[in-house]
$ cat my_file_9.csv   # CSV, C-alpha atoms
chain,number,residue,atom,x,y,z
B,1,MET,CA,-23.5,-22.2,19.8
B,2,LYS,CA,-20.0,-23.8,19.3
B,3,LYS,CA,-20.9,-24.7,15.7
B,4,LEU,CA,-22.0,-21.2,15.0
B,5,ASN,CA,-18.7,-19.8,16.4
B,6,VAL,CA,-16.7,-22.3,14.4
B,7,SER,CA,-18.7,-21.5,11.2
B,8,ILE,CA,-18.2,-17.7,11.7
B,9,SER,CA,-14.5,-18.2,12.4
B,10,THR,CA,-14.1,-20.3,9.3
B,11,LEU,CA,-15.9,-17.7,7.1
B,12,LEU,CA,-13.7,-14.9,8.5
B,13,VAL,CA,-10.5,-16.8,7.7
B,14,LEU,CA,-11.8,-17.6,4.2
B,15,PHE,CA,-12.8,-14.0,3.5
B,16,SER,CA,-9.5,-12.6,4.9
B,17,ALA,CA,-7.5,-15.0,2.7
B,18,ALA,CA,-9.6,-14.3,-0.4
B,19,THR,CA,-7.8,-11.1,-1.2
B,20,LEU,CA,-4.3,-11.1,0.1
B,21,ALA,CA,-3.5,-7.6,-1.0
B,22,ASP,CA,-0.2,-6.0,0.0
B,23,ILE,CA,1.7,-2.8,-0.4
B,24,ASN,CA,5.4,-3.1,0.1
B,25,ILE,CA,7.3,0.2,0.7
B,26,VAL,CA,11.1,0.7,0.5
B,27,ASP,CA,12.4,4.1,1.7
B,28,THR,CA,15.2,5.7,-0.4
B,29,LYS,CA,17.1,9.0,-0.3
B,30,ASN,CA,14.6,10.8,-2.6
B,31,GLY,CA,11.4,9.0,-2.0
B,32,SER,CA,10.0,5.5,-1.8
B,33,TRP,CA,9.5,2.5,-4.1
B,34,VAL,CA,6.0,1.1,-3.7
B,35,THR,CA,5.0,-2.4,-4.9
B,36,VAL,CA,1.4,-3.4,-5.0
B,37,SER,CA,0.4,-7.0,-5.3
B,38,LYS,CA,-2.8,-9.1,-4.7
B,39,ASN,CA,-2.7,-12.8,-4.1
B,40,SER,CA,1.1,-12.6,-4.6
B,41,VAL,CA,0.6,-11.3,-8.2
B,42,ALA,CA,1.9,-7.8,-9.2
B,43,GLU,CA,-0.9,-5.3,-9.8
B,44,GLU,CA,-0.2,-3.4,-13.0
B,45,ASN,CA,-1.9,0.1,-13.2
B,46,ALA,CA,-2.9,0.3,-9.6
B,47,VAL,CA,-3.2,3.9,-8.5
B,48,VAL,CA,-1.1,4.8,-5.5
B,49,THR,CA,-1.6,8.0,-3.5
B,50,THR,CA,-0.4,9.5,-0.3
B,51,PRO,CA,-3.7,11.0,1.0
B,52,LYS,CA,-2.4,12.8,4.1
B,53,LEU,CA,0.7,14.2,2.5
B,54,THR,CA,-0.6,17.6,1.3
B,55,GLN,CA,2.7,18.6,-0.3
B,56,LEU,CA,2.3,15.8,-2.8
B,57,ASN,CA,-1.1,16.1,-4.4
B,58,GLN,CA,-0.6,13.5,-7.1
B,59,SER,CA,-1.5,9.9,-8.0
B,60,PHE,CA,0.9,7.4,-9.4
B,61,SER,CA,0.3,4.2,-11.5
B,62,THR,CA,2.2,1.0,-11.0
B,63,ASP,CA,4.1,-0.6,-13.9
B,64,GLU,CA,3.9,-4.2,-15.2
B,65,ASN,CA,5.8,-5.3,-12.1
B,66,GLY,CA,3.4,-3.6,-9.7
B,67,ARG,CA,6.0,-1.0,-8.8
B,68,VAL,CA,6.1,2.8,-8.8
B,69,PHE,CA,8.5,5.4,-7.4
B,70,ILE,CA,7.0,8.2,-5.4
B,71,PRO,CA,9.1,11.3,-4.7
B,72,LEU,CA,8.8,12.5,-1.2
B,73,PRO,CA,9.3,16.2,-0.4
B,74,LEU,CA,10.1,15.7,3.3
B,75,ASN,CA,12.1,17.9,5.6
B,76,SER,CA,11.4,15.9,8.8
B,77,SER,CA,10.9,12.2,9.7
B,78,ARG,CA,7.3,11.1,9.7
B,79,SER,CA,4.9,8.2,9.0
B,80,ILE,CA,3.2,8.4,5.6
B,81,GLN,CA,0.0,6.6,4.6
B,82,TYR,CA,-0.1,5.0,1.2
B,83,LYS,CA,-3.4,4.1,-0.5
B,84,ALA,CA,-3.6,1.8,-3.5
B,85,VAL,CA,-6.6,1.1,-5.7
B,86,THR,CA,-6.4,-1.7,-8.2
B,87,VAL,CA,-7.9,-1.8,-11.7
B,88,ASP,CA,-10.8,-4.0,-10.3
B,89,GLY,CA,-11.5,-1.5,-7.6
B,90,ALA,CA,-9.9,-3.2,-4.6
B,91,GLU,CA,-8.6,-0.7,-2.1
B,92,PHE,CA,-6.0,-1.1,0.6
B,93,SER,CA,-3.5,1.0,2.5
B,94,ARG,CA,-0.4,0.9,4.6
B,95,SER,CA,1.7,3.3,6.6
B,96,ALA,CA,5.5,3.5,6.6
B,97,PHE,CA,8.0,5.6,8.5
B,98,HIS,CA,10.4,7.7,6.5
B,99,GLY,CA,13.4,9.2,8.2
B,100,VAL,CA,15.3,12.3,7.0
B,101,SER,CA,18.6,10.6,7.9
B,102,ASN,CA,18.0,8.4,4.8
B,103,ARG,CA,17.9,11.5,2.7

$ encode --input "my_file_9.csv" --output "structure tokens"
Amino acid sequence: MKKLNVSISTLLVLFSAATLADINIVDTKNGSWVTVSKNSVAEENAVVTTPKLTQLNQSFSTDENGRVFIPLPLNSSRSIQYKAVTVDGAEFSRSAFHGVSNR
């Protein structure tokens, strides 16, 4: 039983490290800079959306540095979910808090 637990734990670690995808979000006065990377490499042409932000019904594509600026039409502080889909179909998301005091 111990060998099985160790084997399963090892597999989980390997699978979780296989795709180290990341979305980095920097809040600015007029929106946010979103950087998408996978295995520490910038993801060009990743499609970034804000699925729960109904005011912004658009998708944005990252540049060669994995970055894209997303304008945010906010009038109150809130947490926003970002979703990124890479060219090869990998999907990942992250939420970030945006305060109106930064605006």

$ closest_residue --input "my_file_9.csv" --among "B:Ala21, B:Trp33, B:Ser93, B:His98" --to "Ser79 of chain B" --atoms "all atoms listed in the file"
B:His98

$ closest_residue --input "my_file_9.csv" --among "B:Gln55, B:Thr35, B:Val47, B:Val26" --to "Leu74 of chain B" --atoms "only C-alpha atoms"
B:Gln55

$ atom_distance --input "my_file_9.csv" --atom1 "atom CA of Lys38 of chain B" --atom2 "atom CA of Ala90 of chain B"
9.2 Å

$ closest_residue --input "my_file_9.csv" --among "B:Ala96, B:Asp63, B:Val68, B:Arg78" --to "Glu44 of chain B" --atoms "all atoms listed in the file"
B:Asp63

$ atom_distance --input "my_file_9.csv" --atom1 "atom CA of Ile25 of chain B" --atom2 "atom CA of Thr86 of chain B"
16.4 Å

$ residues_around --input "my_file_9.csv" --residues "Tyr82 of chain B" --least-positions-apart "5" --cutoff "8 Å" --atoms "all atoms listed in the file" --output "list in words"
Val48, Thr49, Thr50, Pro51, Ser93, Arg94, Ser95 and Ala96 of chain B

$ atom_distance --input "my_file_9.csv" --atom1 "atom CA of Asp88 of chain B" --atom2 "atom CA of Asp27 of chain B"
27.3 Å

$ residues_around --input "my_file_9.csv" --residues "Leu72 of chain B" --least-positions-apart "5" --cutoff "9 Å" --atoms "only C-alpha atoms" --output "compact mmCIF listing (two decimals) with C-alpha atoms, keeping the file's coordinate frame"
# COMPACT_ATOMS: atom_id res chain seq x y z
CA ASN B 30 14.60 10.80 -2.60
CA GLY B 31 11.40 9.00 -2.00
CA SER B 32 10.00 5.50 -1.80
CA GLN B 55 2.70 18.60 -0.30
CA LEU B 56 2.30 15.80 -2.80

$ closest_residue --input "my_file_9.csv" --among "B:Val34, B:Ala42, B:Ile23, B:Ala84" --to "Glu64 of chain B" --atoms "all atoms listed in the file"
B:Ala42

$ closest_residue --input "my_file_9.csv" --among "B:Val41, B:Gly99, B:Ala46, B:Leu53" --to "Thr28 of chain B" --atoms "all atoms listed in the file"
B:Gly99

$ closest_residue --input "my_file_9.csv" --among "B:Phe97, B:Gly89, B:Asn45, B:Asn39" --to "Arg67 of chain B" --atoms "all atoms listed in the file"
B:Asn45
